[in-house]
$ cat data_38.cif   # mmCIF, C-alpha atoms
data_work
loop_
_atom_site.label_atom_id
_atom_site.label_comp_id
_atom_site.auth_asym_id
_atom_site.auth_seq_id
_atom_site.Cartn_x
_atom_site.Cartn_y
_atom_site.Cartn_z
CA MET A 1 0.00 0.00 0.00
CA THR A 2 1.37 3.44 -0.93
CA GLN A 3 1.64 5.96 1.86
CA GLN A 4 -0.15 9.24 1.25
CA ALA A 5 1.72 12.54 1.28
CA VAL A 6 1.07 14.82 4.24
CA ILE A 7 1.61 18.57 4.65
CA HIS A 8 2.85 19.76 8.07
CA ARG A 9 3.41 23.18 9.62
CA ALA A 10 6.42 24.30 11.63
CA GLU A 11 6.95 27.49 13.61
CA LEU A 12 10.22 29.40 13.14
CA LEU A 13 10.91 32.07 15.73
CA ILE A 14 11.83 35.50 14.39
CA ASP A 15 14.84 35.79 16.70
CA ASP A 16 18.00 36.15 14.55
CA ARG A 17 18.89 32.49 15.17
CA PRO A 18 18.86 29.38 12.95
CA HIS A 19 16.20 26.71 13.56
CA GLY A 20 16.16 23.06 12.43
CA VAL A 21 13.23 21.47 10.56
CA ASP A 22 12.99 17.91 9.20
CA LEU A 23 12.05 18.44 5.53
CA THR A 24 11.95 16.15 2.51
CA GLY A 25 11.45 18.90 -0.07
CA ASP A 26 10.83 22.60 -0.31
CA ILE A 27 8.85 24.91 1.91
CA LEU A 28 5.43 25.21 0.28
CA HIS A 29 4.19 28.39 1.97
CA ALA A 30 5.22 30.92 4.63
CA ALA A 31 2.99 33.21 6.70
CA VAL A 32 3.04 35.27 9.87
CA ARG A 33 -0.02 34.44 11.98
CA ARG A 34 1.31 35.62 15.37
CA PRO A 35 3.90 38.19 16.45
CA ASN A 36 7.53 37.00 16.44
CA VAL A 37 6.74 33.67 14.72
CA MET A 38 6.74 32.67 11.07
CA ASP A 39 4.84 29.54 10.11
CA VAL A 40 6.06 27.40 7.22
CA TRP A 41 4.18 24.58 5.53
CA TYR A 42 6.11 21.66 4.03
CA GLN A 43 5.66 18.08 2.89
CA ALA A 44 6.36 15.75 5.80
CA ARG A 45 8.94 13.01 5.64
CA PRO A 46 7.31 9.62 4.85
CA ASP A 47 7.74 6.84 7.41
CA GLY A 48 10.90 4.87 6.80
CA MET A 49 12.68 7.69 4.93
CA GLU A 50 15.93 8.88 6.52
CA ALA A 51 15.66 12.22 8.35
CA MET A 52 16.83 15.29 6.43
CA ARG A 53 17.20 17.92 9.14
CA ARG A 54 17.80 21.35 7.60
CA SER A 55 18.45 24.74 9.15
CA PHE A 56 16.49 27.94 8.42
CA GLN A 57 16.69 31.52 9.67
CA ILE A 58 14.27 34.43 9.41
CA VAL A 59 15.68 37.77 8.20
CA GLY A 60 13.73 41.01 7.96
CA THR A 61 13.71 43.36 4.98
CA GLY A 62 16.42 45.98 5.52
CA HIS A 63 18.23 43.86 8.13
CA PRO A 64 21.77 42.63 7.47
CA ILE A 65 21.96 39.06 6.16
CA PRO A 66 24.26 37.00 8.41
CA ALA A 67 27.50 36.02 6.61
CA HIS A 68 26.84 32.28 7.04
CA LEU A 69 23.69 32.62 4.89
CA GLY A 70 25.76 33.78 1.92
CA LEU A 71 26.25 36.94 -0.10
CA TYR A 72 23.78 35.96 -2.83
CA ILE A 73 20.69 34.37 -1.33
CA THR A 74 18.74 33.30 -4.44
CA SER A 75 19.33 29.59 -3.74
CA SER A 76 18.69 29.90 -0.01
CA HIS A 77 15.48 32.02 -0.15
CA LYS A 78 12.54 29.75 0.70
CA GLY A 79 9.65 32.14 1.36
CA THR A 80 8.45 35.63 2.31
CA ALA A 81 5.66 36.75 4.63
CA ILE A 82 4.20 40.07 5.78
CA SER A 83 3.58 40.82 9.46
CA LEU A 84 0.01 40.99 10.75
CA ASP A 85 0.01 44.80 10.79
CA GLY A 86 1.50 44.96 7.27
CA HIS A 87 4.53 47.01 8.38
CA LEU A 88 7.25 44.33 8.35
CA VAL A 89 8.30 41.78 5.74
CA TRP A 90 10.20 38.64 6.77
CA HIS A 91 12.15 36.17 4.62
CA VAL A 92 12.92 32.47 5.25
CA LEU A 93 16.52 31.68 4.29
CA GLU A 94 18.10 28.24 4.36
CA ASN A 95 21.42 27.90 6.13
CA HIS A 96 23.80 25.94 3.87
CA CYS A 97 26.70 26.06 6.35
CA THR A 98 28.74 22.83 6.33
CA HIS A 99 29.30 23.03 10.14
CA GLU A 100 32.97 22.19 9.85
CA GLY A 101 34.03 24.13 12.96
CA VAL A 102 31.87 22.60 15.68
CA ILE A 103 32.38 23.23 19.38
CA ASP A 104 31.47 19.96 21.10
CA THR A 105 29.51 20.76 24.29
CA ALA A 106 28.74 17.15 25.29
CA GLN A 107 28.54 16.31 28.98
CA MET A 108 29.29 13.01 30.80
CA PRO A 109 25.69 11.69 30.69
CA ASP A 110 25.43 12.22 26.88
CA LYS A 111 25.70 9.12 24.71
CA PRO A 112 29.00 8.96 22.78
CA GLY A 113 28.74 10.74 19.42
CA ARG A 114 25.20 11.99 20.16
CA GLY A 115 25.87 14.96 22.42
CA PRO A 116 25.21 18.63 21.68
CA GLY A 117 27.47 21.06 19.89
CA ILE A 118 27.37 24.49 18.28
CA CYS A 119 28.78 25.61 14.93
CA GLU A 120 31.45 28.32 15.33
CA ARG A 121 30.54 29.92 12.00
CA CYS A 122 26.74 30.07 12.00
CA ALA A 123 25.91 29.49 15.71
CA VAL A 124 23.34 26.77 14.88
CA PRO A 125 22.79 24.28 17.72
CA LEU A 126 23.77 20.78 16.61
CA ARG A 127 23.49 17.20 17.83
CA GLY A 128 25.91 14.39 17.07
CA ASP A 129 24.50 11.87 14.59
CA GLY A 130 26.42 8.93 16.09
CA GLN A 131 28.58 8.63 12.96
CA ASP A 132 31.05 11.48 13.53
CA GLY A 133 28.72 14.02 11.92
CA TRP A 134 26.37 16.75 13.14
CA ILE A 135 22.73 17.62 12.44
CA PRO A 136 20.83 20.84 13.32
CA VAL A 137 18.39 20.70 16.24
#
$ encode --input "data_38.cif" --output "structure tokens"
Amino acid sequence: MTQQAVIHRAELLIDDRPHGVDLTGDILHAAVRRPNVMDVWYQARPDGMEAMRRSFQIVGTGHPIPAHLGLYITSSHKGTAISLDGHLVWHVLENHCTHEGVIDTAQMPDKPGRGPGICERCAVPLRGDGQDGWIPV
């Protein structure tokens, strides 16, 4: 039996920080329904498919784009939404940082290779994947 596709919604805080979302494809729509939060709709990952955690950040029109998001954002721009009062415009940008300079912040109780870390370049919180790699949280 073929599994049906499902659309989910995730909330991304408008807080100048990257946020991880488990996506299989592109963001389908973005909207601001409450202050300080942008909602994004996306196709959910089917059961059995490996997780594809990706990192996104909200940037306002006229605000500086963080260096880790790139100088030319055409490939990282995933959506735009207008604030409830119509005065502000926010943009969803994907963080394509490779997280090569990670500060490992694991503690003794953390499982080996699965503890937390933070990328020095983009400041995204990460978690060890158990295979010497890192994924956004």
$ resolve_selection --input "data_38.cif" --expression "the PyMOL selection byres ((chain A and resi 52) around 7)" --output "PyMOL selection string"
chain A and resi 22-24+50-51+53-54
$ residues_around --input "data_38.cif" --residues "Leu13 (chain A)" --least-positions-apart "3" --cutoff "9 Å" --atoms "all atoms listed in the file" --output "list in words"
Asp16, Arg17, Pro18, His19, Asn36, Val37, Met38, Asp39, Gln57 and Ile58 of chain A
$ residues_around --input "data_38.cif" --residues "region 62-78 of chain A" --least-positions-apart "4" --cutoff "6 Å" --atoms "all atoms listed in the file" --output "NGL selection string"
:A and (92-95 or 122)
$ residues_around --input "data_38.cif" --residues "Gly115 (chain A)" --least-positions-apart "2" --cutoff "6 Å" --atoms "only C-alpha atoms" --output "list in words"
Ala106, Asp110, Gly113, Arg127 and Gly128 of chain A
$ residues_around --input "data_38.cif" --residues "region 116-118 of chain A" --least-positions-apart "6" --cutoff "8 Å" --atoms "all atoms listed in the file" --output "JSON list (two decimals) with C-alpha atoms, in the frame of the given file"
[["chain", "number", "residue", "atom", "x", "y", "z"],
["A", 102, "VAL", "CA", 31.87, 22.60, 15.68],
["A", 103, "ILE", "CA", 32.38, 23.23, 19.38],
["A", 104, "ASP", "CA", 31.47, 19.96, 21.10],
["A", 105, "THR", "CA", 29.51, 20.76, 24.29],
["A", 106, "ALA", "CA", 28.74, 17.15, 25.29],
["A", 124, "VAL", "CA", 23.34, 26.77, 14.88],
["A", 125, "PRO", "CA", 22.79, 24.28, 17.72],
["A", 126, "LEU", "CA", 23.77, 20.78, 16.61],
["A", 127, "ARG", "CA", 23.49, 17.20, 17.83],
["A", 128, "GLY", "CA", 25.91, 14.39, 17.07]]
$ resolve_selection --input "data_38.cif" --expression "the PyMOL selection byres ((chain A and resi 30) around 6)" --output "MDAnalysis selection string"
chainID A and resid 29 31 39:40 79 81
$ atom_distance --input "data_38.cif" --atom1 "CA of Glu100 (chain A)" --atom2 "CA of Asp129 (chain A)"
14.2 Å
$ atom_distance --input "data_38.cif" --atom1 "CA of Cys97 (chain A)" --atom2 "CA of Val137 (chain A)"
14.0 Å
$ closest_residue --input "data_38.cif" --among "A:Thr61, A:Thr80, A:Gln107, A:Gln4" --to "Ile27 (chain A)" --atoms "only C-alpha atoms"
A:Thr80
$ closest_residue --input "data_38.cif" --among "A:Glu11, A:Gly130, A:His91, A:Ala5" --to "Pro112 (chain A)" --atoms "all atoms listed in the file"
A:Gly130
$ atom_distance --input "data_38.cif" --atom1 "CA of His99 (chain A)" --atom2 "CA of Phe56 (chain A)"
13.8 Å
$ closest_residue --input "data_38.cif" --among "A:Lys111, A:Ser83, A:Val6, A:Gly133" --to "Thr98 (chain A)" --atoms "all atoms listed in the file"
A:Gly133
$ axis_aligned_box --input "data_38.cif" --around "region 9-16 of chain A" --padding-each-side "8 Å" --output "AutoDock Vina command-line options"
--center_x 10.7 --center_y 29.7 --center_z 13.2 --size_x 30.6 --size_y 29.0 --size_z 23.1
$ decode --input "data_38.cif" --residues "region 13-128 of chain A" --atoms "C-alpha atoms" --output "compact mmCIF listing (two decimals), in the first residue's frame"
# COMPACT_ATOMS: atom_id res chain seq x y z
CA LEU A 13 10.91 32.07 15.73
CA ILE A 14 11.83 35.50 14.39
CA ASP A 15 14.84 35.79 16.70
CA ASP A 16 18.00 36.15 14.55
CA ARG A 17 18.89 32.49 15.17
CA PRO A 18 18.86 29.38 12.95
CA HIS A 19 16.20 26.71 13.56
CA GLY A 20 16.16 23.06 12.43
CA VAL A 21 13.23 21.47 10.56
CA ASP A 22 12.99 17.91 9.20
CA LEU A 23 12.05 18.44 5.53
CA THR A 24 11.95 16.15 2.51
CA GLY A 25 11.45 18.90 -0.07
CA ASP A 26 10.83 22.60 -0.31
CA ILE A 27 8.85 24.91 1.91
CA LEU A 28 5.43 25.21 0.28
CA HIS A 29 4.19 28.39 1.97
CA ALA A 30 5.22 30.92 4.63
CA ALA A 31 2.99 33.21 6.70
CA VAL A 32 3.04 35.27 9.87
CA ARG A 33 -0.02 34.44 11.98
CA ARG A 34 1.31 35.62 15.37
CA PRO A 35 3.90 38.19 16.45
CA ASN A 36 7.53 37.00 16.44
CA VAL A 37 6.74 33.67 14.72
CA MET A 38 6.74 32.67 11.07
CA ASP A 39 4.84 29.54 10.11
CA VAL A 40 6.06 27.40 7.22
CA TRP A 41 4.18 24.58 5.53
CA TYR A 42 6.11 21.66 4.03
CA GLN A 43 5.66 18.08 2.89
CA ALA A 44 6.36 15.75 5.80
CA ARG A 45 8.94 13.01 5.64
CA PRO A 46 7.31 9.62 4.85
CA ASP A 47 7.74 6.84 7.41
CA GLY A 48 10.90 4.87 6.80
CA MET A 49 12.68 7.69 4.93
CA GLU A 50 15.93 8.88 6.52
CA ALA A 51 15.66 12.22 8.35
CA MET A 52 16.83 15.29 6.43
CA ARG A 53 17.20 17.92 9.14
CA ARG A 54 17.80 21.35 7.60
CA SER A 55 18.45 24.74 9.15
CA PHE A 56 16.49 27.94 8.42
CA GLN A 57 16.69 31.52 9.67
CA ILE A 58 14.27 34.43 9.41
CA VAL A 59 15.68 37.77 8.20
CA GLY A 60 13.73 41.01 7.96
CA THR A 61 13.71 43.36 4.98
CA GLY A 62 16.42 45.98 5.52
CA HIS A 63 18.23 43.86 8.13
CA PRO A 64 21.77 42.63 7.47
CA ILE A 65 21.96 39.06 6.16
CA PRO A 66 24.26 37.00 8.41
CA ALA A 67 27.50 36.02 6.61
CA HIS A 68 26.84 32.28 7.04
CA LEU A 69 23.69 32.62 4.89
CA GLY A 70 25.76 33.78 1.92
CA LEU A 71 26.25 36.94 -0.10
CA TYR A 72 23.78 35.96 -2.83
CA ILE A 73 20.69 34.37 -1.33
CA THR A 74 18.74 33.30 -4.44
CA SER A 75 19.33 29.59 -3.74
CA SER A 76 18.69 29.90 -0.01
CA HIS A 77 15.48 32.02 -0.15
CA LYS A 78 12.54 29.75 0.70
CA GLY A 79 9.65 32.14 1.36
CA THR A 80 8.45 35.63 2.31
CA ALA A 81 5.66 36.75 4.63
CA ILE A 82 4.20 40.07 5.78
CA SER A 83 3.58 40.82 9.46
CA LEU A 84 0.01 40.99 10.75
CA ASP A 85 0.01 44.80 10.79
CA GLY A 86 1.50 44.96 7.27
CA HIS A 87 4.53 47.01 8.38
CA LEU A 88 7.25 44.33 8.35
CA VAL A 89 8.30 41.78 5.74
CA TRP A 90 10.20 38.64 6.77
CA HIS A 91 12.15 36.17 4.62
CA VAL A 92 12.92 32.47 5.25
CA LEU A 93 16.52 31.68 4.29
CA GLU A 94 18.10 28.24 4.36
CA ASN A 95 21.42 27.90 6.13
CA HIS A 96 23.80 25.94 3.87
CA CYS A 97 26.70 26.06 6.35
CA THR A 98 28.74 22.83 6.33
CA HIS A 99 29.30 23.03 10.14
CA GLU A 100 32.97 22.19 9.85
CA GLY A 101 34.03 24.13 12.96
CA VAL A 102 31.87 22.60 15.68
CA ILE A 103 32.38 23.23 19.38
CA ASP A 104 31.47 19.96 21.10
CA THR A 105 29.51 20.76 24.29
CA ALA A 106 28.74 17.15 25.29
CA GLN A 107 28.54 16.31 28.98
CA MET A 108 29.29 13.01 30.80
CA PRO A 109 25.69 11.69 30.69
CA ASP A 110 25.43 12.22 26.88
CA LYS A 111 25.70 9.12 24.71
CA PRO A 112 29.00 8.96 22.78
CA GLY A 113 28.74 10.74 19.42
CA ARG A 114 25.20 11.99 20.16
CA GLY A 115 25.87 14.96 22.42
CA PRO A 116 25.21 18.63 21.68
CA GLY A 117 27.47 21.06 19.89
CA ILE A 118 27.37 24.49 18.28
CA CYS A 119 28.78 25.61 14.93
CA GLU A 120 31.45 28.32 15.33
CA ARG A 121 30.54 29.92 12.00
CA CYS A 122 26.74 30.07 12.00
CA ALA A 123 25.91 29.49 15.71
CA VAL A 124 23.34 26.77 14.88
CA PRO A 125 22.79 24.28 17.72
CA LEU A 126 23.77 20.78 16.61
CA ARG A 127 23.49 17.20 17.83
CA GLY A 128 25.91 14.39 17.07
